[in-house]
Structure formats: C-alpha cells, structure tokens
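Q: If it helps, the file is called target-v5.pdb and holds PDB, C-alpha atoms and all ligand atoms:
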```pdb
MODEL        1
ATOM      1  CA  MET A   1      10.640  -9.902  19.057
ATOM      2  CA  MET A   2      11.797  -6.658  17.498
ATOM      3  CA  ASN A   3       9.371  -3.796  17.280
ATOM      4  CA  ASN A   4       9.242  -1.223  14.493
ATOM      5  CA  SER A   5      11.574  -3.130  12.244
ATOM      6  CA  PHE A   6      11.348  -4.587   8.777
ATOM      7  CA  VAL A   7      13.850  -7.120   7.469
ATOM      8  CA  SER A   8      13.688  -8.239   3.838
ATOM      9  CA  THR A   9      13.778 -11.961   3.098
ATOM     10  CA  VAL A  10      14.027 -13.980  -0.088
ATOM     11  CA  ILE A  11      10.678 -14.126  -1.870
ATOM     12  CA  GLU A  12       8.694 -17.305  -1.277
ATOM     13  CA  VAL A  13       5.322 -18.064  -2.849
ATOM     14  CA  ARG A  14       2.978 -19.409  -0.160
ATOM     15  CA  ARG A  15       0.162 -21.803  -0.817
ATOM     16  CA  THR A  16      -0.834 -22.600   2.772
ATOM     17  CA  PRO A  17      -3.277 -20.329   4.647
ATOM     18  CA  ALA A  18      -1.709 -17.300   6.358
ATOM     19  CA  THR A  19      -0.795 -17.853  10.015
ATOM     20  CA  ALA A  20      -2.663 -15.871  12.673
ATOM     21  CA  GLU A  21       0.189 -13.420  13.326
ATOM     22  CA  GLU A  22       1.281 -13.031   9.681
ATOM     23  CA  LEU A  23       0.973  -9.423   8.487
ATOM     24  CA  LEU A  24      -0.582  -8.941   5.057
ATOM     25  CA  VAL A  25       0.355  -6.198   2.613
ATOM     26  CA  ALA A  26      -2.583  -6.659   0.272
ATOM     27  CA  LEU A  27      -2.489  -4.411  -2.779
ATOM     28  CA  ARG A  28      -5.189  -3.505  -5.262
ATOM     29  CA  GLY A  29      -3.973  -1.034  -7.857
ATOM     30  CA  ASP A  30      -2.457   1.927  -5.993
ATOM     31  CA  SER A  31      -4.341   1.076  -2.780
ATOM     32  CA  VAL A  32      -3.332  -0.970   0.255
ATOM     33  CA  ILE A  33      -5.863  -2.887   2.346
ATOM     34  CA  VAL A  34      -6.012  -1.709   5.968
ATOM     35  CA  VAL A  35      -7.943  -2.123   9.209
ATOM     36  CA  GLU A  36      -9.283   1.081  10.736
ATOM     37  CA  GLU A  37      -8.835   1.245  14.492
ATOM     38  CA  GLU A  38     -11.244   3.047  16.831
ATOM     39  CA  SER A  39      -8.814   5.969  16.938
ATOM     40  CA  GLY A  40      -9.230   6.358  13.182
ATOM     41  CA  ARG A  41      -5.681   5.222  12.494
ATOM     42  CA  HIS A  42      -5.008   2.500   9.949
ATOM     43  CA  ARG A  43      -2.802  -0.575  10.129
ATOM     44  CA  LEU A  44      -2.078  -3.736   8.149
ATOM     45  CA  PRO A  45      -4.403  -6.707   8.774
ATOM     46  CA  SER A  46      -3.074  -9.984  10.195
ATOM     47  CA  GLY A  47      -3.863 -13.523   9.086
ATOM     48  CA  ALA A  48      -6.162 -13.852  12.120
ATOM     49  CA  GLU A  49      -8.221 -10.892  10.924
ATOM     50  CA  TRP A  50      -8.480 -11.928   7.307
ATOM     51  CA  GLN A  51      -8.901 -15.564   6.282
ATOM     52  CA  LEU A  52      -8.010 -15.283   2.620
ATOM     53  CA  GLU A  53      -9.023 -18.103   0.329
ATOM     54  CA  PRO A  54      -5.644 -19.565  -0.725
ATOM     55  CA  ASP A  55      -6.776 -19.730  -4.359
ATOM     56  CA  CYS A  56      -8.064 -16.148  -4.544
ATOM     57  CA  CYS A  57      -4.717 -14.519  -5.187
ATOM     58  CA  GLU A  58      -0.974 -14.968  -5.059
ATOM     59  CA  ARG A  59       0.597 -14.568  -1.608
ATOM     60  CA  VAL A  60       4.362 -14.092  -1.350
ATOM     61  CA  LEU A  61       6.558 -13.823   1.738
ATOM     62  CA  ILE A  62       8.641 -10.622   1.410
ATOM     63  CA  GLY A  63      10.159 -10.197   4.882
ATOM     64  CA  ARG A  64       9.625  -9.985   8.624
ATOM     65  CA  LEU A  65       7.781  -7.008  10.079
ATOM     66  CA  ASP A  66       7.989  -6.398  13.832
ATOM     67  CA  GLY A  67       9.052 -10.025  14.226
ATOM     68  CA  SER A  68       6.174 -11.528  12.205
ATOM     69  CA  ASP A  69       6.157 -12.920   8.690
ATOM     70  CA  CYS A  70       5.038 -10.266   6.211
ATOM     71  CA  SER A  71       3.468 -11.209   2.881
ATOM     72  CA  LEU A  72       2.482  -9.434  -0.293
ATOM     73  CA  VAL A  73      -1.012 -10.310  -1.489
ATOM     74  CA  SER A  74      -1.862  -9.253  -5.049
ATOM     75  CA  LEU A  75      -5.612  -8.786  -5.099
ATOM     76  CA  PRO A  76      -7.781  -9.009  -8.192
ATOM     77  CA  ALA A  77      -9.656  -5.760  -8.860
ATOM     78  CA  ASP A  78     -13.087  -7.322  -8.244
ATOM     79  CA  LEU A  79     -12.412  -9.077  -4.896
ATOM     80  CA  GLN A  80     -15.002  -8.121  -2.260
ATOM     81  CA  LEU A  81     -13.352  -6.992   0.990
ATOM     82  CA  PRO A  82     -14.832  -8.417   4.188
ATOM     83  CA  ARG A  83     -15.647  -5.812   6.850
ATOM     84  CA  PRO A  84     -13.893  -4.088   8.542
ATOM     85  CA  LEU A  85     -11.193  -4.133   5.871
ATOM     86  CA  GLN A  86     -10.950  -1.183   3.537
ATOM     87  CA  ALA A  87      -8.789   0.001   0.650
ATOM     88  CA  LEU A  88      -6.735   3.125   1.342
ATOM     89  CA  GLU A  89      -4.783   5.005  -1.306
ATOM     90  CA  LEU A  90      -1.125   4.136  -0.749
ATOM     91  CA  ARG A  91       0.103   7.749  -0.844
ATOM     92  CA  ARG A  92      -2.341   8.602   1.965
ATOM     93  CA  ALA A  93      -1.587   5.452   3.953
ATOM     94  CA  ARG A  94       2.147   6.242   3.925
ATOM     95  CA  LEU A  95       1.492   9.407   5.939
ATOM     96  CA  GLU A  96       0.189   7.261   8.819
ATOM     97  CA  PHE A  97       2.558   4.304   8.710
ATOM     98  CA  ASP A  98       5.756   4.178  10.715
ATOM     99  CA  GLU A  99       9.020   3.727   8.825
ATOM    100  CA  ALA A 100       9.135  -0.084   9.104
ATOM    101  CA  VAL A 101       5.618  -0.498   7.717
ATOM    102  CA  GLU A 102       6.345   2.027   4.981
ATOM    103  CA  VAL A 103       9.403   0.034   3.869
ATOM    104  CA  ALA A 104       7.347  -3.185   3.834
ATOM    105  CA  VAL A 105       4.551  -1.609   1.815
ATOM    106  CA  CYS A 106       6.903   0.032  -0.696
ATOM    107  CA  ARG A 107       8.795  -3.240  -1.118
ATOM    108  CA  ALA A 108       5.534  -5.099  -1.672
ATOM    109  CA  LYS A 109       4.333  -2.544  -4.210
ATOM    110  CA  GLU A 110       7.535  -2.610  -6.288
ATOM    111  CA  LEU A 111       7.763  -6.413  -6.142
ATOM    112  CA  ALA A 112       4.123  -6.792  -7.183
ATOM    113  CA  PHE A 113       4.804  -4.612 -10.242
ATOM    114  CA  TRP A 114       7.973  -6.517 -11.091
ATOM    115  CA  ARG A 115       6.381  -9.962 -10.707
ATOM    116  CA  ARG A 116       3.446  -8.951 -12.893
ATOM    117  CA  ASN A 117       5.624  -7.464 -15.634
ATOM    118  CA  HIS A 118       8.600  -9.814 -15.642
ATOM    119  CA  ARG A 119       7.057 -13.248 -16.013
ATOM    120  CA  TYR A 120       8.899 -14.322 -19.147
ATOM    121  CA  CYS A 121      12.539 -14.441 -20.157
ATOM    122  CA  GLY A 122      13.539 -11.371 -22.179
ATOM    123  CA  SER A 123      16.085 -13.458 -24.099
ATOM    124  CA  CYS A 124      14.166 -16.578 -25.103
ATOM    125  CA  GLY A 125      10.572 -16.067 -23.958
ATOM    126  CA  ARG A 126      10.209 -18.988 -21.508
ATOM    127  CA  ALA A 127       8.268 -18.568 -18.247
ATOM    128  CA  LEU A 128      10.627 -17.571 -15.405
ATOM    129  CA  GLU A 129      10.979 -19.389 -12.083
ATOM    130  CA  ASP A 130      11.602 -17.819  -8.657
ATOM    131  CA  LEU A 131      15.050 -18.458  -7.205
ATOM    132  CA  ARG A 132      15.085 -19.885  -3.696
ATOM    133  CA  ASP A 133      18.265 -18.239  -2.432
ATOM    134  CA  GLU A 134      17.921 -14.649  -3.659
ATOM    135  CA  CYS A 135      15.287 -12.179  -4.718
ATOM    136  CA  ALA A 136      15.420 -12.930  -8.446
ATOM    137  CA  ARG A 137      13.851 -15.001 -11.224
ATOM    138  CA  LYS A 138      15.661 -17.398 -13.493
ATOM    139  CA  CYS A 139      14.934 -18.762 -16.952
ATOM    140  CA  PRO A 140      14.875 -22.589 -16.874
ATOM    141  CA  ALA A 141      15.803 -22.762 -20.562
ATOM    142  CA  CYS A 142      18.714 -20.339 -21.087
ATOM    143  CA  GLY A 143      19.739 -19.661 -17.465
ATOM    144  CA  ALA A 144      19.312 -15.866 -17.615
ATOM    145  CA  VAL A 145      18.677 -14.338 -14.165
ATOM    146  CA  PHE A 146      16.463 -11.288 -13.675
ATOM    147  CA  TYR A 147      16.481  -9.054 -10.595
ATOM    148  CA  PRO A 148      13.744  -6.654  -9.476
ATOM    149  CA  VAL A 149      13.915  -3.466 -11.511
ATOM    150  CA  ILE A 150      14.141  -0.172  -9.634
ATOM    151  CA  SER A 151      14.292   3.038 -11.676
ATOM    152  CA  PRO A 152      16.384   5.763 -10.024
ATOM    153  CA  ALA A 153      15.197   9.344 -10.387
ATOM    154  CA  ILE A 154      16.507  12.651  -9.044
ATOM    155  CA  ILE A 155      14.648  15.610  -7.594
ATOM    156  CA  VAL A 156      16.385  18.887  -6.821
ATOM    157  CA  ALA A 157      15.646  22.049  -4.835
ATOM    158  CA  VAL A 158      17.499  24.841  -6.692
ATOM    159  CA  THR A 159      17.868  28.226  -4.986
ATOM    160  CA  ASP A 160      19.126  31.547  -6.402
ATOM    161  CA  ASP A 161      21.349  34.248  -4.841
ATOM    162  CA  GLU A 162      18.382  35.638  -2.891
ATOM    163  CA  GLY A 163      17.490  32.215  -1.491
ATOM    164  CA  ARG A 164      14.380  31.917  -3.654
ATOM    165  CA  LEU A 165      13.303  28.439  -4.755
ATOM    166  CA  LEU A 166      12.926  27.209  -8.323
ATOM    167  CA  LEU A 167       9.425  25.817  -8.854
ATOM    168  CA  ALA A 168       8.061  24.561 -12.155
ATOM    169  CA  HIS A 169       4.737  23.463 -13.543
ATOM    170  CA  ASN A 170       4.849  20.143 -15.345
ATOM    171  CA  ALA A 171       2.363  19.683 -18.184
ATOM    172  CA  LYS A 172       1.135  16.495 -16.433
ATOM    173  CA  PHE A 173       0.375  18.220 -13.099
ATOM    174  CA  ARG A 174      -3.219  18.944 -12.168
ATOM    175  CA  GLY A 175      -4.300  22.586 -11.983
ATOM    176  CA  MET A 176      -1.429  25.014 -11.622
ATOM    177  CA  MET A 177       0.503  22.972  -9.085
ATOM    178  CA  HIS A 178       4.254  23.623  -9.165
ATOM    179  CA  SER A 179       7.036  21.405  -7.862
ATOM    180  CA  LEU A 180      10.774  20.844  -8.004
ATOM    181  CA  ILE A 181      12.672  19.720 -11.093
ATOM    182  CA  ALA A 182      12.788  15.927 -11.271
ATOM    183  CA  GLY A 183      13.555  13.218 -13.785
ATOM    184  CA  PHE A 184      14.888   9.736 -14.376
ATOM    185  CA  VAL A 185      18.581   8.952 -14.338
ATOM    186  CA  GLU A 186      19.895   8.035 -17.799
ATOM    187  CA  PRO A 187      22.133   4.984 -18.353
ATOM    188  CA  GLY A 188      25.765   5.859 -17.646
ATOM    189  CA  GLU A 189      25.045   8.977 -15.606
ATOM    190  CA  THR A 190      25.902   9.722 -11.997
ATOM    191  CA  LEU A 191      23.079  11.128  -9.874
ATOM    192  CA  GLU A 192      24.788  14.555  -9.923
ATOM    193  CA  GLU A 193      25.028  14.527 -13.712
ATOM    194  CA  ALA A 194      21.334  13.659 -13.885
ATOM    195  CA  VAL A 195      20.600  16.707 -11.701
ATOM    196  CA  ARG A 196      22.625  19.000 -13.994
ATOM    197  CA  ARG A 197      21.074  17.585 -17.176
ATOM    198  CA  GLU A 198      17.454  17.625 -15.991
ATOM    199  CA  VAL A 199      17.687  21.248 -14.837
ATOM    200  CA  ARG A 200      19.402  22.251 -18.086
ATOM    201  CA  GLU A 201      16.861  20.400 -20.275
ATOM    202  CA  GLU A 202      13.728  21.517 -18.467
ATOM    203  CA  VAL A 203      14.439  25.151 -17.581
ATOM    204  CA  ALA A 204      17.763  25.985 -19.327
ATOM    205  CA  ILE A 205      19.820  27.021 -16.306
ATOM    206  CA  GLU A 206      23.133  25.769 -14.909
ATOM    207  CA  VAL A 207      23.519  24.737 -11.267
ATOM    208  CA  LYS A 208      26.433  24.421  -8.813
ATOM    209  CA  ASN A 209      27.058  23.099  -5.286
ATOM    210  CA  ILE A 210      24.910  19.999  -5.790
ATOM    211  CA  ARG A 211      24.431  18.274  -2.429
ATOM    212  CA  TYR A 212      22.707  15.019  -1.591
ATOM    213  CA  TYR A 213      19.760  15.404   0.772
ATOM    214  CA  GLY A 214      18.136  11.973   1.164
ATOM    215  CA  SER A 215      16.032   9.445  -0.707
ATOM    216  CA  GLN A 216      12.554   7.990  -0.799
ATOM    217  CA  SER A 217      11.092   4.841  -2.282
ATOM    218  CA  TRP A 218       8.559   5.949  -4.890
ATOM    219  CA  PRO A 219       6.665   2.810  -5.920
ATOM    220  CA  TYR A 220       4.436   4.402  -8.604
ATOM    221  CA  PRO A 221       5.321   1.994 -10.048
ATOM    222  CA  ASN A 222       9.006   1.320  -9.335
ATOM    223  CA  SER A 223      11.182   4.359  -8.653
ATOM    224  CA  LEU A 224      13.724   5.397  -6.093
ATOM    225  CA  MET A 225      13.789   9.167  -5.688
ATOM    226  CA  ALA A 226      17.129  10.728  -4.727
ATOM    227  CA  GLY A 227      16.746  14.269  -3.369
ATOM    228  CA  PHE A 228      19.328  17.038  -3.821
ATOM    229  CA  THR A 229      19.811  20.736  -3.180
ATOM    230  CA  ALA A 230      21.717  22.973  -5.612
ATOM    231  CA  GLU A 231      22.367  26.646  -6.309
ATOM    232  CA  LEU A 232      21.867  28.668  -9.458
ATOM    233  CA  ALA A 233      25.176  29.086 -11.308
ATOM    234  CA  SER A 234      24.004  30.913 -14.433
ATOM    235  CA  GLY A 235      20.988  31.639 -16.603
ATOM    236  CA  ALA A 236      17.343  32.542 -16.027
ATOM    237  CA  PRO A 237      14.622  29.858 -15.916
ATOM    238  CA  SER A 238      13.080  29.301 -19.317
ATOM    239  CA  PRO A 239      10.607  26.379 -19.468
ATOM    240  CA  ASP A 240      11.077  23.917 -22.321
ATOM    241  CA  MET A 241       7.295  24.298 -23.049
ATOM    242  CA  PHE A 242       7.091  20.581 -23.646
ATOM    243  CA  GLU A 243       7.465  18.907 -20.267
ATOM    244  CA  ILE A 244       7.611  22.168 -18.276
ATOM    245  CA  THR A 245       5.137  24.937 -19.099
ATOM    246  CA  ALA A 246       6.017  27.485 -16.378
ATOM    247  CA  ALA A 247       9.015  27.995 -14.104
ATOM    248  CA  GLY A 248      10.470  30.660 -11.860
ATOM    249  CA  PHE A 249      12.147  31.490  -8.550
ATOM    250  CA  TYR A 250       9.747  32.096  -5.663
ATOM    251  CA  THR A 251       9.740  33.320  -2.069
ATOM    252  CA  PRO A 252       7.467  31.655   0.509
ATOM    253  CA  ALA A 253       5.185  34.711   0.264
ATOM    254  CA  ASP A 254       4.509  34.425  -3.474
ATOM    255  CA  MET A 255       4.862  30.677  -4.130
ATOM    256  CA  PRO A 256       2.200  28.782  -6.095
ATOM    257  CA  GLU A 257       0.411  25.604  -4.989
ATOM    258  CA  VAL A 258       2.892  22.788  -4.205
ATOM    259  CA  PRO A 259       2.506  18.984  -3.734
ATOM    260  CA  PRO A 260       0.742  17.703  -0.597
ATOM    261  CA  PRO A 261       2.763  16.236   2.317
ATOM    262  CA  GLY A 262       4.170  12.737   1.891
ATOM    263  CA  SER A 263       6.682  13.266  -0.908
ATOM    264  CA  ILE A 264      10.362  14.126  -0.756
ATOM    265  CA  ALA A 265       9.452  17.077  -3.020
ATOM    266  CA  ARG A 266       7.271  18.519  -0.291
ATOM    267  CA  GLU A 267       9.870  17.721   2.366
ATOM    268  CA  LEU A 268      12.522  19.686   0.439
ATOM    269  CA  ILE A 269      10.085  22.562  -0.120
ATOM    270  CA  ASP A 270       9.146  22.694   3.596
ATOM    271  CA  ARG A 271      12.813  22.599   4.586
ATOM    272  CA  TRP A 272      13.582  25.495   2.223
ATOM    273  CA  ARG A 273      10.589  27.451   3.568
ATOM    274  CA  ASN A 274      11.794  27.040   7.168
ATOM    275  CA  ASN A 275      15.345  28.053   6.238
ATOM    276  CA  PHE A 276      14.092  31.046   4.234
ATOM    277  CA  SER A 277      12.189  32.492   7.191
ATOM    278  CA  GLY A 278      15.412  32.161   9.202
ATOM    279  CA  ARG A 279      17.309  34.364   6.721
ATOM    280  CA  LYS A 280      18.170  37.932   7.722
TER     281      LYS A 280
HETATM  282 ZN    ZN A 301      15.634 -17.658 -21.380
ENDMDL
END
```
Any chance you could put this one into structure tokens?
Ligand SMILES: [Zn+2]
A:
Amino acid sequence: MMNNSFVSTVIEVRRTPATAEELLVALRGDSVIVVEEESGRHRLPSGAEWQLEPDCCERVLIGRLDGSDCSLVSLPADLQLPRPLQALELRRARLEFDEAVEVAVCRAKELAFWRRNHRYCGSCGRALEDLRDECARKCPACGAVFYPVISPAIIVAVTDDEGRLLLAHNAKFRGMMHSLIAGFVEPGETLEEAVRREVREEVAIEVKNIRYYGSQSWPYPNSLMAGFTAELASGAPSPDMFEITAAGFYTPADMPEVPPPGSIARELIDRWRNNFSGRK
C-alpha cells in the first residue's frame, strides 16, 4: 500500500454499498464532509464510518487514495449528516489536507460540477453516457464525446524597479481587500499572452520578464490557476474602474489587506514579502 498518494482512475458509477476502507469525498455545495479527530484535525470519512444509503446520492469512483478506493459522493443539500460527520468549507479544509488528499478533493469537486452541468449532448440534446475506458461522456445518438472542462486562468505578481508589488482591488472583493491581477485565458492565447493582456486591460501597464511560478487547482467551480511573476516594463497603474477599482505598487510596510492563506495568490504575495525584506 502506498501512503500519501492519489492516482486518478476512470470514473465508475457505483451502486453497491461503499466498502469499509473506501474513502469518501462527499461534497455539499462548496463544503466537504469530514471527520474531526481528537486532535482537532479533519480527515475524509471511510465507508466503515459512514454507511450511506445507496439511493441517497450518486457515488462515483474517481481514483485510489493511499491505496484505497476513493469515491465522489454528491450530497443533496438537505441530507442530515450522522454524527460525528461535519461539513467543512473546502477552502478551509484544503489548508489541513496533505497534497494527495487535496488532489482527490479538487478532482472530486471539478468532476461533480462537470457531471451536473454536462448531462446532455451539446450537439443533439440526448442524455450522455459515461465511457468505461476514459474519463469522458459520450452521446449514444450522434457519437460526440465530451471531456471534463477545466478553465485555465493566470495570476501574476508584478513588481516595479523598487521591488514593490502590484496589488489591485477587484469590484467583487469584500471590503478593501487587494490581490494580484488574475483572469481567464482566452481561446488561442498562450499563458504568457494572457498575463500581458490581463495586466494591460485591468491596470493599463506593460510587463516584461514573465516567468512561470507554479499552479493550483481552483475548483470554484472548475479552474486551474497558473501563477507567474513579471516586472513592470512601462506605464503607471490605472484601474479600469470596471473590474478593478483601485491599484498601485506597495511595499510590505504599506500594503493593504490581502487574501487569506490557501491560495496561490497569497503564496506569491508571501514569497514577494520574504524576498523584499531580503533586499538591501
Ligand atoms: Zn449527440
């Protein structure tokens, strides 16, 4: 048995009761169902800990987690949870989970969204069927095949000549929270072109030296966030006043409120802050 590993498998709808060692990623809205241990830490419940009624909700095998079958369970909003199970907001739960569990939960969340929203053929309207040999759905009438939809987005930490960080307030953010420039990749673009365009559109500056940093699954509902760093090439930040209502370059000493831990945005901001204090 392998520990701390997650391996994706082809999706398989299960109608038999969960086995004792099967791990359940049960989702209700943006929450995941967990067991709280005595230490206060949370983990996924097993089939032994939660005897789900087979008819209560769809259960789908999505992979193997730490050597055990791992299934997505899509819970109806009104299902009563037996003690000691509890619903934990996914963004919070991710802070506690190790990488393998995080991958399993993000996969479950994106697949749940896809299965709920892609039930019919976009060409002819017939109900789709799950394929047995790959993670996809096929139309029995016209043969069209549909794969899970993941929407790529970029997020970029732009610094100026003095090493200050570009932070912007999005009209959708609560309070006066500021974050990095981010946006969805447009059809036909490379990730780097998306970085250049988003920064230009939202704050009217040009950037150079775009470098890939890392990525993060962002299943709210179905994104993949690709993180970058870049440097100011020309211009002064001028918010578009539509999506972005305030923007500027900040030092760690004068920066506004930023997103809580758990996002690649915060990771890039923390990394910049550490590097900044190391500057002469
Ligand atoms: Zn069709």
Q: At a cut-off of 9 Å from (7.9, -6.7, 12.2) in the coordinates of the file, what residues are picked up using all atoms listed in the file, written as a list in words?
A: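 I get Met1, Met2, Asn3, Asn4, Ser5, Phe6, Val7, Leu23, Gly63, Arg64, Leu65, Asp66, Gly67, Ser68, Asp69, Cys70, Ala100 and Val101 of chain A for the residues within 9 Å of that point.
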Q: Give me, please, the distance in Å between atom CA of Val25 of chain A and atom CA of Gln51 of chain A, quoted to one decimal.
A: 13.7 Å
Q: Of the residues A:Trp114, A:Phe97, A:Tyr120, A:Tyr220, which is the one nearest to ligand ZN 301 (chain A), using only C-alpha atoms and all ligand atoms?
A: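 That would be A:Tyr120, the residue with the smallest distance to ligand ZN 301 (chain A).
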Q: Identify which of the residues A:Cys106, A:Leu85, A:Ala233, A:Ile11 lies closest to Pro45 of chain A, counting only C-alpha atoms when measuring atom-to-atom distances.
A: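 Closest to Pro45 of chain A, using only C-alpha atoms: A:Leu85.
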Q: Just say which residues the PyMOL selection byres (((chain A and resi 108-113) around 7) and not hetatm) picks in this file, as a ChimeraX atom specification.
A: /A:25,72,74,104-107,114-117,148,219,221-222
Q: For each of A:Leu165, A:Ala87, A:Leu128, A:Ile62, take the minimum atom-to-atom distance to ligand ZN 301 (chain A), counting all atoms listed in the file, then give the residue where this is smallest.
A: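 Counting all atoms listed in the file, the residue closest to ligand ZN 301 (chain A) is A:Leu128.
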Q: Find the residues near ligand ZN 301 (chain A). Use a cut-off of 9 Å, count all atoms listed in the file, and write them as a list in words.
A: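 Checked against 9 Å with all atoms listed in the file; the hits are Tyr120, Cys121, Gly122, Ser123, Cys124, Gly125, Arg126, Ala127, Leu128, Lys138, Cys139, Pro140, Ala141, Cys142, Gly143, Ala144 and Val145 of chain A.
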Q: Could you tell me how far atom CA of Asp30 of chain A sits from atom CA of Pro82 of chain A, in Å to one decimal place?
A: 19.1 Å
Q: Can you list every residue of segment 132-185 of chain A that has an atom at most 9 Å from segment 194-216 of chain A, with its nearest atom pair and the distance in Å to one decimal, using only C-alpha atoms, ordered by chain then number, as JSON lines?
A:
```
{"residue": "A:Ala153", "atom": "CA", "partner": "A:Ala194", "partner_atom": "CA", "distance": 8.3}
{"residue": "A:Ile154", "atom": "CA", "partner": "A:Val195", "partner_atom": "CA", "distance": 6.3}
{"residue": "A:Ile155", "atom": "CA", "partner": "A:Val195", "partner_atom": "CA", "distance": 7.3}
{"residue": "A:Val156", "atom": "CA", "partner": "A:Val195", "partner_atom": "CA", "distance": 6.8}
{"residue": "A:Val158", "atom": "CA", "partner": "A:Val207", "partner_atom": "CA", "distance": 7.6}
{"residue": "A:Ala168", "atom": "CA", "partner": "A:Val203", "partner_atom": "CA", "distance": 8.4}
{"residue": "A:Ile181", "atom": "CA", "partner": "A:Val199", "partner_atom": "CA", "distance": 6.4}
{"residue": "A:Ala182", "atom": "CA", "partner": "A:Glu198", "partner_atom": "CA", "distance": 6.9}
{"residue": "A:Gly183", "atom": "CA", "partner": "A:Glu198", "partner_atom": "CA", "distance": 6.3}
{"residue": "A:Phe184", "atom": "CA", "partner": "A:Ala194", "partner_atom": "CA", "distance": 7.6}
{"residue": "A:Val185", "atom": "CA", "partner": "A:Ala194", "partner_atom": "CA", "distance": 5.5}
```
Q: Can you spell out as a PyMOL selection string the set of residues that the PyMOL selection byres (((chain A and resi 265) around 9) and not hetatm) selects in the structure I just provided?
A: chain A and resi 155-157+179-180+182+227+258-259+261-264+266-270
Q: Looking at all atoms listed in the file, which of A:Glu21, A:Glu99, A:Glu231, A:Asp160 is the one that sits closest to Gly47 of chain A?
A: A:Glu21
Q: Would you please work out which residue, of A:Pro54, A:Gly248, A:Gly163, A:Pro152, is nearest to Ser217 of chain A when using all atoms listed in the file?
A: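 Once distances to Ser217 of chain A are computed over all atoms listed in the file, the minimum belongs to A:Pro152.
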Q: Choose the residue, out of A:Pro260, A:Asp161, A:Ala48, A:Ala18, that has the smallest atom-to-atom separation from Ser234 of chain A; count all atoms listed in the file.
A: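 Selected residue with least distance to Ser234 of chain A: A:Asp161.
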Q: Between atom CA of Ser71 of chain A and atom CA of Ser46 of chain A, what distance in Å does the model show, to one decimal?
A: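 Straight-line distance from atom CA of Ser71 of chain A to atom CA of Ser46 of chain A works out to 9.9 Å.
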Q: Just the residues within 10 Å of Pro76 of chain A, please, counting only C-alpha atoms, with nothing from its chain fewer than 5 positions along; format it as a PyMOL selection string.
A: chain A and resi 27-29+56-58
Q: On this structure, the PyMOL selection byres (((chain A and resi 257) around 8) and not hetatm) would catch which residues? List them as a PyMOL selection string, sorted by chain and number.
A: chain A and resi 176-178+255-256+258-259
Q: If we draw a sphere of 8 Å around (-5.7, 5.5, 8.1), which residues have at least one atom in it when counting only C-alpha atoms? Please report them as a list in words.
A: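 Every residue inside that radius is included here: Val34, Glu36, Gly40, Arg41, His42, Arg43, Leu88, Arg92, Ala93 and Glu96 of chain A.
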Q: Can I get the selection written as an mmCIF file, in the coordinates of the input, with C-alpha atoms?
A:
```cif
data_model
loop_
_atom_site.group_PDB
_atom_site.id
_atom_site.type_symbol
_atom_site.label_atom_id
_atom_site.label_comp_id
_atom_site.auth_asym_id
_atom_site.auth_seq_id
_atom_site.Cartn_x
_atom_site.Cartn_y
_atom_site.Cartn_z
ATOM 1 C CA VAL A 34 -6.012 -1.709 5.968
ATOM 2 C CA GLU A 36 -9.283 1.081 10.736
ATOM 3 C CA GLY A 40 -9.230 6.358 13.182
ATOM 4 C CA ARG A 41 -5.681 5.222 12.494
ATOM 5 C CA HIS A 42 -5.008 2.500 9.949
ATOM 6 C CA ARG A 43 -2.802 -0.575 10.129
ATOM 7 C CA LEU A 88 -6.735 3.125 1.342
ATOM 8 C CA ARG A 92 -2.341 8.602 1.965
ATOM 9 C CA ALA A 93 -1.587 5.452 3.953
ATOM 10 C CA GLU A 96 0.189 7.261 8.819
#
```
